[in-house]
file final-v4.txt (compact mmCIF, C-alpha atoms and all ligand atoms)
# COMPACT_ATOMS: atom_id res chain seq x y z
CA MET A 1 103.86 87.62 167.74
CA ALA A 2 103.76 91.01 166.15
CA THR A 3 105.93 94.06 165.93
CA ARG A 4 104.63 97.18 167.62
CA LYS A 5 105.15 100.83 166.88
CA ILE A 6 108.04 102.39 168.80
CA ILE A 7 107.28 105.72 170.45
CA ILE A 8 109.64 108.51 169.47
CA LEU A 9 110.86 111.62 171.30
CA PRO A 10 109.18 114.01 172.30
CA ASP A 11 106.17 111.71 173.00
CA ALA A 12 105.15 112.46 176.60
CA GLN A 13 104.61 108.77 177.36
CA LEU A 14 108.39 108.38 177.44
CA ARG A 15 108.33 110.39 180.70
CA LEU A 16 105.84 108.11 182.47
CA VAL A 17 106.95 106.07 185.47
CA SER A 18 105.96 102.49 184.68
CA ALA A 19 103.99 100.38 187.17
CA PRO A 20 105.16 96.99 188.44
CA VAL A 21 103.98 93.95 186.50
CA ALA A 22 101.39 92.41 188.84
CA ALA A 23 100.69 89.00 187.35
CA LEU A 24 102.76 86.90 184.97
CA ASP A 25 99.86 85.93 182.74
CA LYS A 26 99.59 85.16 179.03
CA ALA A 27 99.26 88.86 178.22
CA VAL A 28 102.68 89.58 179.73
CA GLN A 29 104.16 86.62 177.86
CA ALA A 30 102.71 87.94 174.59
CA LEU A 31 103.92 91.46 175.37
CA ALA A 32 107.48 90.20 175.96
CA GLU A 33 107.40 88.28 172.67
CA ASP A 34 106.17 91.34 170.79
CA MET A 35 108.87 93.45 172.42
CA LEU A 36 111.60 91.03 171.36
CA GLU A 37 110.29 90.93 167.81
CA THR A 38 110.05 94.72 167.71
CA MET A 39 113.59 95.07 169.07
CA TYR A 40 115.07 92.57 166.60
CA GLU A 41 113.33 94.21 163.69
CA ALA A 42 114.43 97.76 164.61
CA PRO A 43 117.21 96.52 165.13
CA GLY A 44 118.27 97.31 168.68
CA ILE A 45 119.85 95.67 171.72
CA GLY A 46 117.32 96.74 174.34
CA LEU A 47 113.69 97.82 174.60
CA ALA A 48 111.47 98.86 177.51
CA ALA A 49 107.70 98.30 177.40
CA ILE A 50 106.97 102.01 177.63
CA GLN A 51 108.74 102.43 174.29
CA ILE A 52 105.77 100.66 172.71
CA GLY A 53 103.34 102.60 174.89
CA VAL A 54 102.89 100.06 177.70
CA PRO A 55 103.75 101.60 181.10
CA GLN A 56 104.78 98.35 182.81
CA ARG A 57 108.10 97.43 184.37
CA LEU A 58 109.18 95.01 181.67
CA MET A 59 112.23 95.22 179.42
CA VAL A 60 114.16 93.02 177.02
CA ILE A 61 117.84 92.92 176.10
CA ASP A 62 119.83 90.87 173.60
CA LEU A 63 123.49 91.69 173.05
CA ALA A 64 124.18 88.81 170.64
CA LYS A 65 125.96 89.88 167.48
CA LYS A 66 124.41 89.33 164.06
CA ASP A 67 126.13 86.00 163.40
CA GLU A 68 125.60 84.66 166.94
CA PRO A 69 122.58 82.74 168.23
CA LYS A 70 120.00 84.96 169.91
CA GLN A 71 120.44 85.51 173.67
CA PRO A 72 117.26 87.27 174.78
CA ILE A 73 116.87 88.25 178.42
CA VAL A 74 113.41 89.30 179.64
CA PHE A 75 113.49 91.42 182.80
CA ILE A 76 110.29 91.75 184.81
CA ASN A 77 110.24 94.29 187.64
CA PRO A 78 114.03 94.80 187.46
CA GLU A 79 115.78 96.57 190.28
CA ILE A 80 119.42 97.58 190.62
CA VAL A 81 120.60 96.46 194.04
CA ALA A 82 124.30 97.37 193.75
CA ARG A 83 126.39 99.72 191.63
CA SER A 84 130.17 99.97 191.29
CA GLU A 85 131.95 103.17 192.16
CA GLU A 86 134.03 102.70 189.05
CA THR A 87 132.39 104.23 185.99
CA SER A 88 132.57 103.57 182.28
CA SER A 89 131.50 105.53 179.23
CA TYR A 90 129.67 104.23 176.19
CA GLU A 91 128.28 105.93 173.16
CA GLU A 92 124.56 105.31 173.73
CA GLY A 93 121.64 105.41 171.38
CA CYS A 94 117.93 104.74 171.83
CA LEU A 95 115.24 103.38 169.53
CA SER A 96 113.04 106.26 170.73
CA ILE A 97 115.67 108.81 169.67
CA PRO A 98 116.70 107.32 166.31
CA GLU A 99 120.13 107.97 164.86
CA TYR A 100 121.32 110.10 167.76
CA TYR A 101 124.33 108.93 169.73
CA GLU A 102 126.22 110.49 172.62
CA GLU A 103 128.67 109.27 175.21
CA VAL A 104 127.17 108.65 178.67
CA THR A 105 129.09 107.82 181.86
CA ARG A 106 127.48 105.37 184.30
CA PRO A 107 128.59 102.89 186.97
CA ALA A 108 130.71 100.27 185.21
CA ALA A 109 129.08 97.32 186.99
CA VAL A 110 125.64 96.70 188.49
CA THR A 111 123.78 93.89 190.19
CA VAL A 112 120.20 93.61 189.00
CA ARG A 113 117.36 91.58 190.51
CA PHE A 114 114.30 90.72 188.46
CA GLN A 115 111.81 88.00 187.68
CA ASP A 116 111.83 85.92 184.54
CA LEU A 117 108.68 85.09 182.56
CA LYS A 118 107.94 82.14 184.86
CA GLY A 119 108.12 84.35 187.92
CA LYS A 120 111.46 82.93 189.02
CA ALA A 121 113.67 85.39 190.91
CA GLU A 122 116.91 86.06 189.06
CA GLN A 123 120.01 88.08 189.78
CA ILE A 124 122.73 89.12 187.34
CA ASP A 125 126.09 90.75 188.03
CA ALA A 126 126.66 92.75 184.88
CA ASP A 127 129.54 94.80 183.59
CA GLY A 128 130.56 96.19 180.22
CA LEU A 129 127.87 96.87 177.64
CA LEU A 130 125.31 94.74 179.52
CA ALA A 131 125.64 96.95 182.64
CA THR A 132 125.12 100.08 180.55
CA CYS A 133 122.21 98.58 178.68
CA ILE A 134 120.46 97.44 181.88
CA GLN A 135 120.80 100.93 183.39
CA HIS A 136 119.57 102.59 180.18
CA GLU A 137 116.47 100.36 180.04
CA ILE A 138 115.64 100.67 183.75
CA ASP A 139 115.85 104.44 183.30
CA HIS A 140 113.05 104.10 180.72
CA LEU A 141 110.87 102.46 183.38
CA ASP A 142 111.39 105.58 185.50
CA GLY A 143 110.65 108.01 182.66
CA LYS A 144 114.29 108.85 182.18
CA LEU A 145 116.19 109.06 178.88
CA PHE A 146 119.92 108.94 178.13
CA ILE A 147 119.79 112.54 176.89
CA ASP A 148 119.06 113.53 180.51
CA TYR A 149 122.76 112.85 181.23
CA LEU A 150 123.94 115.34 178.59
CA SER A 151 124.42 119.07 178.98
CA LYS A 152 121.23 121.13 178.87
CA LEU A 153 122.43 122.66 175.63
CA LYS A 154 122.80 119.28 173.90
CA ARG A 155 119.55 117.96 175.37
CA ASP A 156 117.53 121.00 174.33
CA ARG A 157 119.01 120.79 170.85
CA VAL A 158 118.02 117.15 170.31
CA ILE A 159 114.53 117.66 171.77
CA LYS A 160 114.02 120.62 169.45
CA LYS A 161 115.17 118.61 166.45
CA PHE A 162 112.78 115.73 167.21
CA THR A 163 109.91 118.10 168.00
CA LYS A 164 110.32 119.62 164.54
CA LEU A 165 110.44 116.18 162.92
CA ALA A 166 107.27 115.09 164.77
CA ARG A 167 105.41 118.19 163.58
CA ARG A 168 106.42 117.47 160.02
CA GLU A 169 104.85 114.01 160.27
CA ASP A 170 101.49 115.27 161.56
NI NI B 1 116.34 103.66 175.01

call {"tool": "encode", "arguments": {"input": "final-v4.txt", "output": "structure tokens", "more": "lines below"}}
Ligand code: NI
result
Amino acid sequence: MATRKIIILPDAQLRLVSAPVAALDKAVQALAEDMLETMYEAPGIGLAAIQIGVPQRLMVIDLAKKDEPKQPIVFINPEIVARSEETSSYEEGCLSIPEYYEEVTRPAAVTVRFQDLKGKAEQIDADGLLATCIQHEIDHLDGKLFIDYLSKLKRDRVIKKFTKLARRED
């Protein structure tokens, strides 16, 4: 296991649409382990493969609190098959947009289908923070970021800020 470098806004890779994971081989297993380690180290509660530069439909989530045992969930080829009409708002952040938080409104509950690392078909009915987190991470697989839900003014402002920061690091 190893931690990988997390891609930061405005890296164009964040806008790629990730391809389905074709085979659940050792490489995918290793990738999932690296993603979990990278997410725990950051620390964060969710990470999509594209955030470490791998355009595959794989994401990890762990909502366990600091003093709780780890509860990692690995989602392979996740797909939302139902959304509630009821919405909820959470202040969201993203490891690819560090230290920036804004409230986003999304469906309050979703049903997600995916495969686990053994290829077993799974389905979760999620609400609360898990529902938000699943939607946020699946958006990454489609090249979408939470700032896309903000006003153009706010979005342009944060992109500009991170573009300046990236230039400074060159
Ligand atoms: Ni994110």

call {"tool": "closest_atom_pairs", "arguments": {"input": "final-v4.txt", "of": "chain A", "to": "ligand NI 1 (chain B)", "cutoff": "7 Å", "atoms": "all atoms listed in the file", "output": "Markdown table"}}
result
| residue | atom | partner | partner_atom | distance |
| --- | --- | --- | --- | --- |
| A:Leu47 | CA | B:NI1 | NI | 6.4 |
| A:Gly93 | CA | B:NI1 | NI | 6.7 |
| A:Cys94 | CA | B:NI1 | NI | 3.7 |
| A:Leu95 | CA | B:NI1 | NI | 5.6 |
| A:Ser96 | CA | B:NI1 | NI | 6.0 |
| A:His136 | CA | B:NI1 | NI | 6.2 |
| A:Glu137 | CA | B:NI1 | NI | 6.0 |
| A:His140 | CA | B:NI1 | NI | 6.6 |
| A:Leu145 | CA | B:NI1 | NI | 6.6 |

call {"tool": "closest_residue", "arguments": {"input": "final-v4.txt", "among": "A:Ile52, A:Met35, A:Leu9, A:Asp142", "to": "Val158 (chain A)", "atoms": "only C-alpha atoms"}}
result
A:Leu9

call {"tool": "atom_distance", "arguments": {"input": "final-v4.txt", "atom1": "CA of Thr3 (chain A)", "atom2": "CA of Glu41 (chain A)"}}
result
7.7 Å

call {"tool": "atom_distance", "arguments": {"input": "final-v4.txt", "atom1": "CA of Asp116 (chain A)", "atom2": "CA of Asp148 (chain A)"}}
result
28.8 Å

call {"tool": "closest_residue", "arguments": {"input": "final-v4.txt", "among": "A:Glu99, A:Ala108, A:Leu129, A:Pro55", "to": "Thr87 (chain A)", "atoms": "only C-alpha atoms"}}
result
A:Ala108

call {"tool": "closest_residue", "arguments": {"input": "final-v4.txt", "among": "A:Leu58, A:Ala82, A:Glu92, A:Gln123", "to": "Pro107 (chain A)", "atoms": "all atoms listed in the file"}}
result
A:Ala82

call {"tool": "atom_distance", "arguments": {"input": "final-v4.txt", "atom1": "CA of Glu91 (chain A)", "atom2": "CA of Cys133 (chain A)"}}
result
11.0 Å

call {"tool": "residues_near_point", "arguments": {"input": "final-v4.txt", "point": "(116.3, 88.0, 176.2)", "cutoff": "7 Å", "atoms": "all atoms listed in the file", "output": "PyMOL selection string"}}
result
chain A and resi 60-62+71-74

call {"tool": "closest_residue", "arguments": {"input": "final-v4.txt", "among": "A:Val17, A:Gly128, A:Lys65, A:Tyr101", "to": "Glu86 (chain A)", "atoms": "all atoms listed in the file"}}
result
A:Gly128

call {"tool": "closest_residue", "arguments": {"input": "final-v4.txt", "among": "A:Lys26, A:Lys161, A:Lys5, A:Arg83", "to": "Val110 (chain A)", "atoms": "all atoms listed in the file"}}
result
A:Arg83

call {"tool": "residues_around", "arguments": {"input": "final-v4.txt", "residues": "Gly143 (chain A)", "least_positions_apart": "4", "cutoff": "7 Å", "atoms": "all atoms listed in the file", "output": "PDB file with C-alpha atoms, in the coordinates of the input"}}
result
ATOM      1  CA  LEU A  14     108.390 108.380 177.440  1.00  0.00           C
ATOM      2  CA  ARG A  15     108.330 110.390 180.700  1.00  0.00           C
ATOM      3  CA  LEU A  16     105.840 108.110 182.470  1.00  0.00           C
ATOM      4  CA  VAL A  17     106.950 106.070 185.470  1.00  0.00           C
ATOM      5  CA  ASP A 139     115.850 104.440 183.300  1.00  0.00           C
TER       6      ASP A 139
END

call {"tool": "closest_residue", "arguments": {"input": "final-v4.txt", "among": "A:Ser151, A:Asn77, A:Gln135, A:Ser89", "to": "Ala121 (chain A)", "atoms": "all atoms listed in the file"}}
result
A:Asn77

call {"tool": "residues_around", "arguments": {"input": "final-v4.txt", "residues": "Tyr149 (chain A)", "least_positions_apart": "6", "cutoff": "10 Å", "atoms": "only C-alpha atoms", "output": "PyMOL selection string"}}
result
chain A and resi 102-106+155

call {"tool": "residues_near_point", "arguments": {"input": "final-v4.txt", "point": "(131.3, 94.1, 186.5)", "cutoff": "6 Å", "atoms": "only C-alpha atoms", "output": "NGL selection string"}}
result
:A and (109 or 126-127)

call {"tool": "build_atoms", "arguments": {"input": "final-v4.txt", "residues": "region 72-93 of chain A", "atoms": "N, CA, C and O atoms", "output": "PDB file, in the frame of the given file"}}
result
ATOM      1  N   PRO A  72     118.185  86.304 174.171  1.00  0.00           N
ATOM      2  CA  PRO A  72     117.260  87.270 174.780  1.00  0.00           C
ATOM      3  C   PRO A  72     117.196  87.132 176.301  1.00  0.00           C
ATOM      4  O   PRO A  72     117.224  86.023 176.830  1.00  0.00           O
ATOM      5  N   ILE A  73     117.151  88.251 176.980  1.00  0.00           N
ATOM      6  CA  ILE A  73     116.870  88.250 178.420  1.00  0.00           C
ATOM      7  C   ILE A  73     115.625  89.116 178.636  1.00  0.00           C
ATOM      8  O   ILE A  73     115.573  90.262 178.163  1.00  0.00           O
ATOM      9  N   VAL A  74     114.618  88.555 179.300  1.00  0.00           N
ATOM     10  CA  VAL A  74     113.410  89.300 179.640  1.00  0.00           C
ATOM     11  C   VAL A  74     113.491  89.654 181.124  1.00  0.00           C
ATOM     12  O   VAL A  74     113.660  88.773 181.965  1.00  0.00           O
ATOM     13  N   PHE A  75     113.421  90.942 181.413  1.00  0.00           N
ATOM     14  CA  PHE A  75     113.490  91.420 182.800  1.00  0.00           C
ATOM     15  C   PHE A  75     112.117  91.913 183.227  1.00  0.00           C
ATOM     16  O   PHE A  75     111.575  92.844 182.628  1.00  0.00           O
ATOM     17  N   ILE A  76     111.565  91.291 184.261  1.00  0.00           N
ATOM     18  CA  ILE A  76     110.290  91.750 184.810  1.00  0.00           C
ATOM     19  C   ILE A  76     110.560  92.351 186.184  1.00  0.00           C
ATOM     20  O   ILE A  76     111.246  91.747 187.014  1.00  0.00           O
ATOM     21  N   ASN A  77     110.033  93.544 186.392  1.00  0.00           N
ATOM     22  CA  ASN A  77     110.240  94.290 187.640  1.00  0.00           C
ATOM     23  C   ASN A  77     111.716  94.356 188.046  1.00  0.00           C
ATOM     24  O   ASN A  77     112.071  94.052 189.199  1.00  0.00           O
ATOM     25  N   PRO A  78     112.602  94.761 187.124  1.00  0.00           N
ATOM     26  CA  PRO A  78     114.030  94.800 187.460  1.00  0.00           C
ATOM     27  C   PRO A  78     114.355  95.904 188.458  1.00  0.00           C
ATOM     28  O   PRO A  78     113.702  96.945 188.470  1.00  0.00           O
ATOM     29  N   GLU A  79     115.357  95.615 189.258  1.00  0.00           N
ATOM     30  CA  GLU A  79     115.780  96.570 190.280  1.00  0.00           C
ATOM     31  C   GLU A  79     117.281  96.470 190.443  1.00  0.00           C
ATOM     32  O   GLU A  79     117.820  95.363 190.603  1.00  0.00           O
ATOM     33  N   ILE A  80     117.974  97.594 190.401  1.00  0.00           N
ATOM     34  CA  ILE A  80     119.420  97.580 190.620  1.00  0.00           C
ATOM     35  C   ILE A  80     119.668  97.592 192.126  1.00  0.00           C
ATOM     36  O   ILE A  80     119.193  98.485 192.820  1.00  0.00           O
ATOM     37  N   VAL A  81     120.382  96.573 192.593  1.00  0.00           N
ATOM     38  CA  VAL A  81     120.600  96.460 194.040  1.00  0.00           C
ATOM     39  C   VAL A  81     122.033  96.812 194.436  1.00  0.00           C
ATOM     40  O   VAL A  81     122.335  96.979 195.613  1.00  0.00           O
ATOM     41  N   ALA A  82     122.936  96.934 193.460  1.00  0.00           N
ATOM     42  CA  ALA A  82     124.300  97.370 193.750  1.00  0.00           C
ATOM     43  C   ALA A  82     124.907  97.988 192.495  1.00  0.00           C
ATOM     44  O   ALA A  82     124.627  97.558 191.378  1.00  0.00           O
ATOM     45  N   ARG A  83     125.706  99.027 192.735  1.00  0.00           N
ATOM     46  CA  ARG A  83     126.390  99.720 191.630  1.00  0.00           C
ATOM     47  C   ARG A  83     127.859  99.863 191.989  1.00  0.00           C
ATOM     48  O   ARG A  83     128.170 100.146 193.153  1.00  0.00           O
ATOM     49  N   SER A  84     128.743  99.757 191.018  1.00  0.00           N
ATOM     50  CA  SER A  84     130.170  99.970 191.290  1.00  0.00           C
ATOM     51  C   SER A  84     130.465 101.451 191.387  1.00  0.00           C
ATOM     52  O   SER A  84     129.748 102.276 190.814  1.00  0.00           O
ATOM     53  N   GLU A  85     131.512 101.766 192.131  1.00  0.00           N
ATOM     54  CA  GLU A  85     131.950 103.170 192.160  1.00  0.00           C
ATOM     55  C   GLU A  85     132.669 103.511 190.867  1.00  0.00           C
ATOM     56  O   GLU A  85     132.617 104.634 190.394  1.00  0.00           O
ATOM     57  N   GLU A  86     133.326 102.520 190.321  1.00  0.00           N
ATOM     58  CA  GLU A  86     134.030 102.700 189.050  1.00  0.00           C
ATOM     59  C   GLU A  86     132.987 102.992 187.954  1.00  0.00           C
ATOM     60  O   GLU A  86     131.908 102.398 187.936  1.00  0.00           O
ATOM     61  N   THR A  87     133.324 103.897 187.072  1.00  0.00           N
ATOM     62  CA  THR A  87     132.390 104.230 185.990  1.00  0.00           C
ATOM     63  C   THR A  87     132.970 103.821 184.642  1.00  0.00           C
ATOM     64  O   THR A  87     134.162 103.541 184.527  1.00  0.00           O
ATOM     65  N   SER A  88     132.104 103.782 183.648  1.00  0.00           N
ATOM     66  CA  SER A  88     132.570 103.570 182.280  1.00  0.00           C
ATOM     67  C   SER A  88     131.694 104.400 181.345  1.00  0.00           C
ATOM     68  O   SER A  88     130.566 104.757 181.694  1.00  0.00           O
ATOM     69  N   SER A  89     132.225 104.707 180.199  1.00  0.00           N
ATOM     70  CA  SER A  89     131.500 105.530 179.230  1.00  0.00           C
ATOM     71  C   SER A  89     131.244 104.738 177.959  1.00  0.00           C
ATOM     72  O   SER A  89     132.135 104.027 177.479  1.00  0.00           O
ATOM     73  N   TYR A  90     130.032 104.847 177.465  1.00  0.00           N
ATOM     74  CA  TYR A  90     129.670 104.230 176.190  1.00  0.00           C
ATOM     75  C   TYR A  90     128.940 105.245 175.345  1.00  0.00           C
ATOM     76  O   TYR A  90     128.218 106.093 175.875  1.00  0.00           O
ATOM     77  N   GLU A  91     129.097 105.127 174.059  1.00  0.00           N
ATOM     78  CA  GLU A  91     128.280 105.930 173.160  1.00  0.00           C
ATOM     79  C   GLU A  91     126.907 105.246 173.117  1.00  0.00           C
ATOM     80  O   GLU A  91     126.786 104.119 172.647  1.00  0.00           O
ATOM     81  N   GLU A  92     125.895 105.916 173.647  1.00  0.00           N
ATOM     82  CA  GLU A  92     124.560 105.310 173.730  1.00  0.00           C
ATOM     83  C   GLU A  92     123.651 105.847 172.632  1.00  0.00           C
ATOM     84  O   GLU A  92     123.818 106.962 172.140  1.00  0.00           O
ATOM     85  N   GLY A  93     122.693 105.014 172.298  1.00  0.00           N
ATOM     86  CA  GLY A  93     121.640 105.410 171.380  1.00  0.00           C
ATOM     87  C   GLY A  93     120.342 104.883 171.958  1.00  0.00           C
ATOM     88  O   GLY A  93     120.348 104.204 172.985  1.00  0.00           O
TER      89      GLY A  93
END
